>>> print(open('final10.pdb').read())   # PDB, C-alpha atoms and all ligand atoms
ATOM      1  CA  MET J   1     178.138  96.110  77.888  1.00  0.00           C
ATOM      2  CA  THR J   2     174.344  95.912  77.779  1.00  0.00           C
ATOM      3  CA  GLN J   3     172.446  93.091  79.476  1.00  0.00           C
ATOM      4  CA  ASP J   4     171.671  91.628  76.035  1.00  0.00           C
ATOM      5  CA  GLU J   5     175.374  91.625  75.166  1.00  0.00           C
ATOM      6  CA  LEU J   6     176.180  89.870  78.456  1.00  0.00           C
ATOM      7  CA  LYS J   7     173.534  87.232  77.699  1.00  0.00           C
ATOM      8  CA  ALA J   8     175.013  86.678  74.230  1.00  0.00           C
ATOM      9  CA  LEU J   9     178.470  86.370  75.774  1.00  0.00           C
ATOM     10  CA  VAL J  10     177.503  83.606  78.229  1.00  0.00           C
ATOM     11  CA  GLY J  11     175.286  81.904  75.644  1.00  0.00           C
ATOM     12  CA  GLN J  12     178.354  81.561  73.440  1.00  0.00           C
ATOM     13  CA  ALA J  13     180.630  80.572  76.342  1.00  0.00           C
ATOM     14  CA  ALA J  14     178.284  77.711  77.251  1.00  0.00           C
ATOM     15  CA  LEU J  15     179.237  75.900  74.020  1.00  0.00           C
ATOM     16  CA  ALA J  16     182.501  74.878  75.715  1.00  0.00           C
ATOM     17  CA  HIS J  17     180.395  72.807  78.163  1.00  0.00           C
ATOM     18  CA  VAL J  18     178.439  70.917  75.502  1.00  0.00           C
ATOM     19  CA  VAL J  19     179.735  67.364  75.180  1.00  0.00           C
ATOM     20  CA  PRO J  20     180.321  66.432  71.514  1.00  0.00           C
ATOM     21  CA  GLY J  21     178.282  63.420  70.386  1.00  0.00           C
ATOM     22  CA  ALA J  22     175.941  63.673  73.378  1.00  0.00           C
ATOM     23  CA  ILE J  23     172.440  64.978  74.053  1.00  0.00           C
ATOM     24  CA  VAL J  24     172.325  68.402  75.694  1.00  0.00           C
ATOM     25  CA  GLY J  25     169.641  69.605  78.094  1.00  0.00           C
ATOM     26  CA  VAL J  26     168.284  73.016  77.180  1.00  0.00           C
ATOM     27  CA  GLY J  27     166.533  75.429  79.527  1.00  0.00           C
ATOM     28  CA  THR J  28     164.228  78.347  78.844  1.00  0.00           C
ATOM     29  CA  GLY J  29     164.478  82.135  78.716  1.00  0.00           C
ATOM     30  CA  SER J  30     166.198  85.016  76.972  1.00  0.00           C
ATOM     31  CA  THR J  31     169.722  83.933  78.018  1.00  0.00           C
ATOM     32  CA  VAL J  32     169.051  80.380  76.862  1.00  0.00           C
ATOM     33  CA  ASN J  33     167.763  81.751  73.557  1.00  0.00           C
ATOM     34  CA  CYS J  34     171.294  83.124  72.997  1.00  0.00           C
ATOM     35  CA  PHE J  35     172.693  79.691  73.843  1.00  0.00           C
ATOM     36  CA  ILE J  36     170.296  77.971  71.418  1.00  0.00           C
ATOM     37  CA  ASP J  37     171.367  80.335  68.641  1.00  0.00           C
ATOM     38  CA  ALA J  38     175.023  79.544  69.385  1.00  0.00           C
ATOM     39  CA  LEU J  39     174.277  75.800  69.611  1.00  0.00           C
ATOM     40  CA  ALA J  40     173.032  75.854  66.020  1.00  0.00           C
ATOM     41  CA  THR J  41     176.650  76.371  64.917  1.00  0.00           C
ATOM     42  CA  MET J  42     177.579  72.944  66.334  1.00  0.00           C
ATOM     43  CA  LYS J  43     174.336  71.076  65.654  1.00  0.00           C
ATOM     44  CA  ASP J  44     176.121  68.465  63.526  1.00  0.00           C
ATOM     45  CA  ARG J  45     178.335  67.570  66.488  1.00  0.00           C
ATOM     46  CA  ILE J  46     175.565  66.697  68.999  1.00  0.00           C
ATOM     47  CA  ARG J  47     172.913  63.950  69.041  1.00  0.00           C
ATOM     48  CA  GLY J  48     170.211  66.454  69.841  1.00  0.00           C
ATOM     49  CA  ALA J  49     168.550  68.246  72.724  1.00  0.00           C
ATOM     50  CA  VAL J  50     166.068  67.599  75.504  1.00  0.00           C
ATOM     51  CA  SER J  51     164.028  70.740  75.946  1.00  0.00           C
ATOM     52  CA  SER J  52     162.377  72.310  79.001  1.00  0.00           C
ATOM     53  CA  SER J  53     159.549  74.195  77.273  1.00  0.00           C
ATOM     54  CA  VAL J  54     157.436  74.507  74.173  1.00  0.00           C
ATOM     55  CA  LYS J  55     159.160  77.831  73.413  1.00  0.00           C
ATOM     56  CA  SER J  56     162.668  76.356  73.542  1.00  0.00           C
ATOM     57  CA  THR J  57     161.543  73.326  71.530  1.00  0.00           C
ATOM     58  CA  GLU J  58     160.199  75.600  68.795  1.00  0.00           C
ATOM     59  CA  ARG J  59     163.426  77.627  68.693  1.00  0.00           C
ATOM     60  CA  LEU J  60     165.611  74.512  68.613  1.00  0.00           C
ATOM     61  CA  GLN J  61     163.598  72.917  65.842  1.00  0.00           C
ATOM     62  CA  ALA J  62     163.499  76.124  63.786  1.00  0.00           C
ATOM     63  CA  LEU J  63     167.313  76.045  63.823  1.00  0.00           C
ATOM     64  CA  GLY J  64     167.420  72.384  62.764  1.00  0.00           C
ATOM     65  CA  ILE J  65     168.428  70.954  66.149  1.00  0.00           C
ATOM     66  CA  PRO J  66     166.626  67.636  66.831  1.00  0.00           C
ATOM     67  CA  VAL J  67     164.559  67.580  70.043  1.00  0.00           C
ATOM     68  CA  LEU J  68     164.214  64.211  71.771  1.00  0.00           C
ATOM     69  CA  ASP J  69     161.352  63.048  73.973  1.00  0.00           C
ATOM     70  CA  SER J  70     162.609  63.204  77.575  1.00  0.00           C
ATOM     71  CA  ASN J  71     161.072  59.782  78.234  1.00  0.00           C
ATOM     72  CA  THR J  72     163.472  58.196  75.758  1.00  0.00           C
ATOM     73  CA  VAL J  73     166.544  59.600  77.494  1.00  0.00           C
ATOM     74  CA  GLU J  74     168.001  58.069  80.671  1.00  0.00           C
ATOM     75  CA  SER J  75     170.692  60.607  81.392  1.00  0.00           C
ATOM     76  CA  ILE J  76     172.521  63.535  79.865  1.00  0.00           C
ATOM     77  CA  PRO J  77     175.928  64.943  80.745  1.00  0.00           C
ATOM     78  CA  VAL J  78     174.962  68.612  80.865  1.00  0.00           C
ATOM     79  CA  TYR J  79     171.926  70.833  81.325  1.00  0.00           C
ATOM     80  CA  ILE J  80     172.304  74.498  80.397  1.00  0.00           C
ATOM     81  CA  ASP J  81     169.840  77.044  81.724  1.00  0.00           C
ATOM     82  CA  GLY J  82     169.495  80.572  83.068  1.00  0.00           C
ATOM     83  CA  ALA J  83     168.295  81.716  86.491  1.00  0.00           C
ATOM     84  CA  ASP J  84     166.384  84.561  88.057  1.00  0.00           C
ATOM     85  CA  GLU J  85     168.759  84.557  91.025  1.00  0.00           C
ATOM     86  CA  ILE J  86     171.817  82.485  91.930  1.00  0.00           C
ATOM     87  CA  ASP J  87     173.659  82.592  95.252  1.00  0.00           C
ATOM     88  CA  HIS J  88     177.277  81.884  96.149  1.00  0.00           C
ATOM     89  CA  GLN J  89     176.540  78.169  96.719  1.00  0.00           C
ATOM     90  CA  GLY J  90     174.881  77.676  93.320  1.00  0.00           C
ATOM     91  CA  PHE J  91     171.321  77.590  94.710  1.00  0.00           C
ATOM     92  CA  MET J  92     168.859  79.318  92.399  1.00  0.00           C
ATOM     93  CA  ILE J  93     165.421  80.806  92.000  1.00  0.00           C
ATOM     94  CA  LYS J  94     163.945  79.906  88.614  1.00  0.00           C
ATOM     95  CA  GLY J  95     160.563  80.115  86.945  1.00  0.00           C
ATOM     96  CA  GLY J  96     160.413  83.729  85.795  1.00  0.00           C
ATOM     97  CA  GLY J  97     159.524  82.229  82.414  1.00  0.00           C
ATOM     98  CA  ALA J  98     157.014  79.810  84.005  1.00  0.00           C
ATOM     99  CA  ALA J  99     158.975  76.751  82.833  1.00  0.00           C
ATOM    100  CA  LEU J 100     160.289  75.666  86.246  1.00  0.00           C
ATOM    101  CA  THR J 101     158.720  72.183  86.387  1.00  0.00           C
ATOM    102  CA  ARG J 102     160.038  71.016  83.051  1.00  0.00           C
ATOM    103  CA  GLU J 103     163.334  72.728  83.825  1.00  0.00           C
ATOM    104  CA  LYS J 104     163.682  70.682  87.011  1.00  0.00           C
ATOM    105  CA  ILE J 105     162.701  67.493  85.160  1.00  0.00           C
ATOM    106  CA  VAL J 106     165.447  67.992  82.573  1.00  0.00           C
ATOM    107  CA  ALA J 107     167.945  69.128  85.229  1.00  0.00           C
ATOM    108  CA  ASP J 108     167.173  65.876  87.062  1.00  0.00           C
ATOM    109  CA  LEU J 109     168.380  63.885  84.036  1.00  0.00           C
ATOM    110  CA  ALA J 110     171.670  65.751  83.965  1.00  0.00           C
ATOM    111  CA  ASP J 111     175.027  65.082  85.597  1.00  0.00           C
ATOM    112  CA  ARG J 112     175.873  68.808  85.627  1.00  0.00           C
ATOM    113  CA  PHE J 113     173.787  71.978  85.717  1.00  0.00           C
ATOM    114  CA  VAL J 114     175.601  74.820  83.968  1.00  0.00           C
ATOM    115  CA  CYS J 115     173.914  78.119  84.776  1.00  0.00           C
ATOM    116  CA  ILE J 116     174.309  81.044  82.387  1.00  0.00           C
ATOM    117  CA  ALA J 117     173.438  84.476  83.707  1.00  0.00           C
ATOM    118  CA  ASP J 118     174.405  88.103  83.663  1.00  0.00           C
ATOM    119  CA  GLU J 119     175.979  89.500  86.823  1.00  0.00           C
ATOM    120  CA  SER J 120     172.731  91.119  88.023  1.00  0.00           C
ATOM    121  CA  LYS J 121     171.497  87.612  88.942  1.00  0.00           C
ATOM    122  CA  LEU J 122     174.186  86.919  91.567  1.00  0.00           C
ATOM    123  CA  VAL J 123     172.851  87.520  95.107  1.00  0.00           C
ATOM    124  CA  ASP J 124     173.921  86.877  98.691  1.00  0.00           C
ATOM    125  CA  VAL J 125     170.493  85.594  99.791  1.00  0.00           C
ATOM    126  CA  LEU J 126     167.727  84.317  97.505  1.00  0.00           C
ATOM    127  CA  GLY J 127     164.323  85.989  97.665  1.00  0.00           C
ATOM    128  CA  ALA J 128     164.418  89.524  96.302  1.00  0.00           C
ATOM    129  CA  PHE J 129     163.071  88.024  93.066  1.00  0.00           C
ATOM    130  CA  PRO J 130     159.473  86.830  93.689  1.00  0.00           C
ATOM    131  CA  LEU J 131     159.571  83.050  94.127  1.00  0.00           C
ATOM    132  CA  PRO J 132     157.585  81.291  91.364  1.00  0.00           C
ATOM    133  CA  VAL J 133     155.578  78.206  92.284  1.00  0.00           C
ATOM    134  CA  GLU J 134     153.654  76.064  89.789  1.00  0.00           C
ATOM    135  CA  VAL J 135     150.326  75.173  91.389  1.00  0.00           C
ATOM    136  CA  ILE J 136     147.259  73.160  90.373  1.00  0.00           C
ATOM    137  CA  PRO J 137     144.547  75.851  90.058  1.00  0.00           C
ATOM    138  CA  MET J 138     142.139  74.460  92.675  1.00  0.00           C
ATOM    139  CA  ALA J 139     144.856  74.688  95.357  1.00  0.00           C
ATOM    140  CA  ALA J 140     145.836  78.316  94.663  1.00  0.00           C
ATOM    141  CA  ALA J 141     144.122  79.994  97.628  1.00  0.00           C
ATOM    142  CA  GLN J 142     145.270  77.386 100.144  1.00  0.00           C
ATOM    143  CA  VAL J 143     148.904  77.495  98.906  1.00  0.00           C
ATOM    144  CA  MET J 144     148.904  81.313  99.093  1.00  0.00           C
ATOM    145  CA  ARG J 145     147.476  81.303 102.647  1.00  0.00           C
ATOM    146  CA  ARG J 146     150.098  78.764 103.689  1.00  0.00           C
ATOM    147  CA  PHE J 147     152.943  80.920 102.330  1.00  0.00           C
ATOM    148  CA  ALA J 148     151.641  83.806 104.436  1.00  0.00           C
ATOM    149  CA  SER J 149     151.266  81.755 107.618  1.00  0.00           C
ATOM    150  CA  VAL J 150     154.463  79.654 107.368  1.00  0.00           C
ATOM    151  CA  TYR J 151     156.911  82.139 105.820  1.00  0.00           C
ATOM    152  CA  GLY J 152     155.206  85.531 105.986  1.00  0.00           C
ATOM    153  CA  GLY J 153     155.365  85.801 102.193  1.00  0.00           C
ATOM    154  CA  GLN J 154     152.844  87.700 100.091  1.00  0.00           C
ATOM    155  CA  ALA J 155     151.660  85.466  97.259  1.00  0.00           C
ATOM    156  CA  SER J 156     149.700  86.344  94.153  1.00  0.00           C
ATOM    157  CA  VAL J 157     148.612  84.510  91.028  1.00  0.00           C
ATOM    158  CA  ARG J 158     150.601  85.574  87.939  1.00  0.00           C
ATOM    159  CA  ALA J 159     147.977  87.112  85.685  1.00  0.00           C
ATOM    160  CA  GLY J 160     147.366  85.646  82.253  1.00  0.00           C
ATOM    161  CA  VAL J 161     149.890  82.809  82.574  1.00  0.00           C
ATOM    162  CA  THR J 162     149.186  79.121  82.044  1.00  0.00           C
ATOM    163  CA  THR J 163     152.182  76.784  82.147  1.00  0.00           C
ATOM    164  CA  ASP J 164     153.012  74.214  79.454  1.00  0.00           C
ATOM    165  CA  ASN J 165     151.447  71.722  81.898  1.00  0.00           C
ATOM    166  CA  GLY J 166     148.126  73.587  82.147  1.00  0.00           C
ATOM    167  CA  ASN J 167     148.680  75.000  85.630  1.00  0.00           C
ATOM    168  CA  ILE J 168     149.056  78.479  87.163  1.00  0.00           C
ATOM    169  CA  ILE J 169     152.058  80.279  88.642  1.00  0.00           C
ATOM    170  CA  VAL J 170     151.936  81.804  92.106  1.00  0.00           C
ATOM    171  CA  ASP J 171     154.668  84.408  92.804  1.00  0.00           C
ATOM    172  CA  VAL J 172     155.716  84.941  96.410  1.00  0.00           C
ATOM    173  CA  ARG J 173     157.246  88.242  97.522  1.00  0.00           C
ATOM    174  CA  GLY J 174     158.936  89.193 100.772  1.00  0.00           C
ATOM    175  CA  LEU J 175     160.938  86.004 101.348  1.00  0.00           C
ATOM    176  CA  LYS J 176     164.511  85.677 102.596  1.00  0.00           C
ATOM    177  CA  ILE J 177     165.497  82.155 101.682  1.00  0.00           C
ATOM    178  CA  SER J 178     168.294  81.386 104.130  1.00  0.00           C
ATOM    179  CA  ASP J 179     167.903  77.595 103.816  1.00  0.00           C
ATOM    180  CA  PRO J 180     166.951  76.789 100.193  1.00  0.00           C
ATOM    181  CA  LEU J 181     167.067  73.006 100.654  1.00  0.00           C
ATOM    182  CA  ALA J 182     164.704  73.090 103.637  1.00  0.00           C
ATOM    183  CA  MET J 183     162.191  75.444 101.991  1.00  0.00           C
ATOM    184  CA  GLU J 184     162.253  73.448  98.755  1.00  0.00           C
ATOM    185  CA  ALA J 185     161.566  70.196 100.608  1.00  0.00           C
ATOM    186  CA  GLU J 186     158.776  71.746 102.701  1.00  0.00           C
ATOM    187  CA  VAL J 187     156.874  73.585  99.949  1.00  0.00           C
ATOM    188  CA  ASN J 188     157.119  70.688  97.501  1.00  0.00           C
ATOM    189  CA  GLN J 189     154.999  68.552  99.814  1.00  0.00           C
ATOM    190  CA  TRP J 190     152.081  70.979 100.111  1.00  0.00           C
ATOM    191  CA  PRO J 191     149.055  69.526  98.290  1.00  0.00           C
ATOM    192  CA  GLY J 192     148.570  71.196  94.932  1.00  0.00           C
ATOM    193  CA  VAL J 193     152.156  72.397  94.581  1.00  0.00           C
ATOM    194  CA  VAL J 194     153.613  70.931  91.411  1.00  0.00           C
ATOM    195  CA  THR J 195     157.071  72.493  91.786  1.00  0.00           C
ATOM    196  CA  VAL J 196     158.593  75.316  93.779  1.00  0.00           C
ATOM    197  CA  GLY J 197     161.106  77.433  91.860  1.00  0.00           C
ATOM    198  CA  ILE J 198     163.915  76.868  94.361  1.00  0.00           C
ATOM    199  CA  PHE J 199     166.639  74.792  92.729  1.00  0.00           C
ATOM    200  CA  GLY J 200     168.277  73.363  95.827  1.00  0.00           C
ATOM    201  CA  ARG J 201     168.719  69.655  95.156  1.00  0.00           C
ATOM    202  CA  HIS J 202     169.238  70.585  91.505  1.00  0.00           C
ATOM    203  CA  LYS J 203     171.611  73.464  92.079  1.00  0.00           C
ATOM    204  CA  ALA J 204     174.223  74.632  89.596  1.00  0.00           C
ATOM    205  CA  LYS J 205     177.640  72.973  89.474  1.00  0.00           C
ATOM    206  CA  VAL J 206     179.015  75.858  87.420  1.00  0.00           C
ATOM    207  CA  CYS J 207     177.821  79.372  86.681  1.00  0.00           C
ATOM    208  CA  LEU J 208     179.062  81.325  83.682  1.00  0.00           C
ATOM    209  CA  LEU J 209     178.453  84.878  84.798  1.00  0.00           C
ATOM    210  CA  GLY J 210     178.481  87.651  82.220  1.00  0.00           C
ATOM    211  CA  THR J 211     180.312  90.722  83.522  1.00  0.00           C
ATOM    212  CA  SER J 212     181.617  93.848  81.821  1.00  0.00           C
ATOM    213  CA  GLN J 213     185.117  92.346  82.265  1.00  0.00           C
ATOM    214  CA  GLY J 214     184.080  89.146  80.471  1.00  0.00           C
ATOM    215  CA  VAL J 215     182.806  85.721  81.550  1.00  0.00           C
ATOM    216  CA  ARG J 216     183.497  84.865  85.179  1.00  0.00           C
ATOM    217  CA  THR J 217     183.275  81.136  86.007  1.00  0.00           C
ATOM    218  CA  LEU J 218     181.934  80.167  89.424  1.00  0.00           C
ATOM    219  CA  ASP J 219     182.400  76.535  90.492  1.00  0.00           C
ATOM    220  CA  PHE J 220     180.241  75.172  93.294  1.00  0.00           C
TER     221      PHE J 220
HETATM  222  O1  LIG R 301     163.661  80.012  84.979  1.00  0.00           O
HETATM  223  C1  LIG R 301     163.552  80.481  83.876  1.00  0.00           C
HETATM  224  C2  LIG R 301     162.357  80.275  83.033  1.00  0.00           C
HETATM  225  O2  LIG R 301     161.351  79.579  83.721  1.00  0.00           O
HETATM  226  C3  LIG R 301     164.663  81.299  83.317  1.00  0.00           C
HETATM  227  O3  LIG R 301     165.841  80.558  83.367  1.00  0.00           O
HETATM  228  C4  LIG R 301     164.817  82.540  84.123  1.00  0.00           C
HETATM  229  O4  LIG R 301     163.577  83.213  84.185  1.00  0.00           O
HETATM  230  C5  LIG R 301     165.887  83.473  83.531  1.00  0.00           C
HETATM  231  O5  LIG R 301     165.421  83.989  82.324  1.00  0.00           O
HETATM  232  P1  LIG R 301     166.214  85.062  81.486  1.00  0.00           P
HETATM  233  O6  LIG R 301     167.412  84.369  80.921  1.00  0.00           O
HETATM  234  O7  LIG R 301     165.236  85.518  80.433  1.00  0.00           O
HETATM  235  O8  LIG R 301     166.591  86.185  82.429  1.00  0.00           O
END
>>> encode(input="final10.pdb", output="structure tokens")
Amino acid sequence: MTQDELKALVGQAALAHVVPGAIVGVGTGSTVNCFIDALATMKDRIRGAVSSSVKSTERLQALGIPVLDSNTVESIPVYIDGADEIDHQGFMIKGGGAALTREKIVADLADRFVCIADESKLVDVLGAFPLPVEVIPMAAAQVMRRFASVYGGQASVRAGVTTDNGNIIVDVRGLKISDPLAMEAEVNQWPGVVTVGIFGRHKAKVCLLGTSQGVRTLDF
């Protein structure tokens, strides 16, 4: 199966986790796009969606799925999103699509994070994928220096990218993230960091992993 077919497979499988009559949290990315397309087939059975990006909002609305303002929603049963990497505890790196801050905000509303990913995303240790960090532009140089001095990571500004919140993305290479919760807590308090793309406190409860043998379910 191709990677696109695996994404379509898990996008479809995620429908089983959508709670009828409820609001569903929707992530961002090519795997989530498959989920959004599948969700359109049950749009009359949900109250609507809370979206994590302008791109996902546009796709949802184009398919006739109502998108609610996150400030009007107190909690949701399920958030469905992809990942750039996921480990065997359900910790993730996210932000390859630059939507990490809004993704974490919607994940924070949710009782359960259901990750959908193809099998190439499953890793033993996070960090081979460059760690995205949303940063307020005037802090970029200081945040990059700090990554080098504290973790030995090589950071660079992602060219040509502005987030939905008007900030930049710094990508950090050369990390081995052995303690995701500790690194998330540390980096999130550096001045100018809006969000680090480690999903530690907001890790997945379930991962639907697309494999050539079918969907493998990992429970964390
Ligand atoms: O974190 C994300 C966007 O900010 C995505 O979930 C992540 O990049 C995976 O994307 P894709 O499904 O296209 O591989």
>>> resolve_selection(input="final10.pdb", expression="the PyMOL selection byres (((chain J and resi 63-75) around 9) and not hetatm)", output="VMD selection string")
chain J and resid 23 36 to 37 39 to 40 43 to 44 46 to 51 57 to 62 76 to 77 105 to 106 108 to 111
>>> atom_distance(input="final10.pdb", atom1="CA of Ile177 (chain J)", atom2="CA of Asp164 (chain J)")
26.7 Å
>>> residues_near_ligand(input="final10.pdb", ligand="ligand LIG 301 (chain R)", cutoff="7 Å", atoms="all atoms listed in the file", output="MDAnalysis selection string")
chainID J and resid 27:32 81:84 94:100 117
>>> atom_distance(input="final10.pdb", atom1="CA of Ser149 (chain J)", atom2="CA of Asn167 (chain J)")
23.1 Å
>>> closest_residue(input="final10.pdb", among="J:Leu126, J:Ala107, J:Ile93, J:Ala13", to="Val26 (chain J)", atoms="all atoms listed in the file")
J:Ala107
>>> residues_near_point(input="final10.pdb", point="(183.8, 73.4, 79.4)", cutoff="12 Å", atoms="only C-alpha atoms", output="mmCIF file with C-alpha atoms, keeping the file's coordinate frame")
data_model
loop_
_atom_site.group_PDB
_atom_site.id
_atom_site.type_symbol
_atom_site.label_atom_id
_atom_site.label_comp_id
_atom_site.auth_asym_id
_atom_site.auth_seq_id
_atom_site.Cartn_x
_atom_site.Cartn_y
_atom_site.Cartn_z
ATOM 1 C CA GLN J 12 178.354 81.561 73.440
ATOM 2 C CA ALA J 13 180.630 80.572 76.342
ATOM 3 C CA ALA J 14 178.284 77.711 77.251
ATOM 4 C CA LEU J 15 179.237 75.900 74.020
ATOM 5 C CA ALA J 16 182.501 74.878 75.715
ATOM 6 C CA HIS J 17 180.395 72.807 78.163
ATOM 7 C CA VAL J 18 178.439 70.917 75.502
ATOM 8 C CA VAL J 19 179.735 67.364 75.180
ATOM 9 C CA PRO J 20 180.321 66.432 71.514
ATOM 10 C CA PRO J 77 175.928 64.943 80.745
ATOM 11 C CA VAL J 78 174.962 68.612 80.865
ATOM 12 C CA ILE J 80 172.304 74.498 80.397
ATOM 13 C CA ARG J 112 175.873 68.808 85.627
ATOM 14 C CA PHE J 113 173.787 71.978 85.717
ATOM 15 C CA VAL J 114 175.601 74.820 83.968
ATOM 16 C CA LYS J 205 177.640 72.973 89.474
ATOM 17 C CA VAL J 206 179.015 75.858 87.420
ATOM 18 C CA CYS J 207 177.821 79.372 86.681
ATOM 19 C CA LEU J 208 179.062 81.325 83.682
ATOM 20 C CA THR J 217 183.275 81.136 86.007
ATOM 21 C CA ASP J 219 182.400 76.535 90.492
#
>>> atom_distance(input="final10.pdb", atom1="CA of Cys34 (chain J)", atom2="CA of Gly21 (chain J)")
21.1 Å
>>> residues_around(input="final10.pdb", residues="Asp179 (chain J)", least_positions_apart="2", cutoff="12 Å", atoms="all atoms listed in the file", output="number ranges by chain")
J: 87, 89, 91-92, 125-127, 175-177, 181-186, 198-201
>>> write_last_selection(input="final10.pdb", atoms="C-alpha atoms", output="short mmCIF file (atom, residue, chain, number, x, y, z; two decimals), keeping the file's coordinate frame")
data_model
loop_
_atom_site.label_atom_id
_atom_site.label_comp_id
_atom_site.auth_asym_id
_atom_site.auth_seq_id
_atom_site.Cartn_x
_atom_site.Cartn_y
_atom_site.Cartn_z
CA ASP J 87 173.66 82.59 95.25
CA GLN J 89 176.54 78.17 96.72
CA PHE J 91 171.32 77.59 94.71
CA MET J 92 168.86 79.32 92.40
CA VAL J 125 170.49 85.59 99.79
CA LEU J 126 167.73 84.32 97.50
CA GLY J 127 164.32 85.99 97.66
CA LEU J 175 160.94 86.00 101.35
CA LYS J 176 164.51 85.68 102.60
CA ILE J 177 165.50 82.16 101.68
CA LEU J 181 167.07 73.01 100.65
CA ALA J 182 164.70 73.09 103.64
CA MET J 183 162.19 75.44 101.99
CA GLU J 184 162.25 73.45 98.76
CA ALA J 185 161.57 70.20 100.61
CA GLU J 186 158.78 71.75 102.70
CA ILE J 198 163.92 76.87 94.36
CA PHE J 199 166.64 74.79 92.73
CA GLY J 200 168.28 73.36 95.83
CA ARG J 201 168.72 69.66 95.16
#
>>> resolve_selection(input="final10.pdb", expression="the PyMOL selection byres (((chain J and resi 128-142) around 7) and not hetatm)", output="list in words")
Asp84, Glu85, Ile93, Gly95, Gly96, Leu126, Gly127, Val143, Met144, Arg145, Arg146, Asn167, Ile168, Ile169, Val170, Asp171, Val172, Arg173, Gly192, Val193, Val194, Thr195, Val196 and Gly197 of chain J
>>> closest_residue(input="final10.pdb", among="J:Ile86, J:Lys203, J:Val54, J:Ala8", to="Ala38 (chain J)", atoms="all atoms listed in the file")
J:Ala8
>>> resolve_selection(input="final10.pdb", expression="the PyMOL selection byres (((chain J and resi 120) around 9) and not hetatm)", output="PDB file with C-alpha atoms, in the coordinates of the input")
ATOM      1  CA  GLN J   3     172.446  93.091  79.476  1.00  0.00           C
ATOM      2  CA  GLU J  85     168.759  84.557  91.025  1.00  0.00           C
ATOM      3  CA  ALA J 117     173.438  84.476  83.707  1.00  0.00           C
ATOM      4  CA  ASP J 118     174.405  88.103  83.663  1.00  0.00           C
ATOM      5  CA  GLU J 119     175.979  89.500  86.823  1.00  0.00           C
ATOM      6  CA  LYS J 121     171.497  87.612  88.942  1.00  0.00           C
ATOM      7  CA  LEU J 122     174.186  86.919  91.567  1.00  0.00           C
ATOM      8  CA  VAL J 123     172.851  87.520  95.107  1.00  0.00           C
ATOM      9  CA  GLY J 210     178.481  87.651  82.220  1.00  0.00           C
ATOM     10  CA  THR J 211     180.312  90.722  83.522  1.00  0.00           C
TER      11      THR J 211
END
>>> closest_residue(input="final10.pdb", among="J:Arg102, J:Trp190, J:Thr163, J:Leu9", to="Leu209 (chain J)", atoms="all atoms listed in the file")
J:Leu9
>>> axis_aligned_box(input="final10.pdb", around="region 52-65 of chain J", padding_each_side="5 Å", output="JSON")
{"center_x": 162.9, "center_y": 74.4, "center_z": 70.9, "size_x": 21.0, "size_y": 16.9, "size_z": 26.2}
>>> closest_residue(input="final10.pdb", among="J:Met1, J:Ala22, J:Val187, J:Gly160", to="Phe147 (chain J)", atoms="all atoms listed in the file")
J:Val187
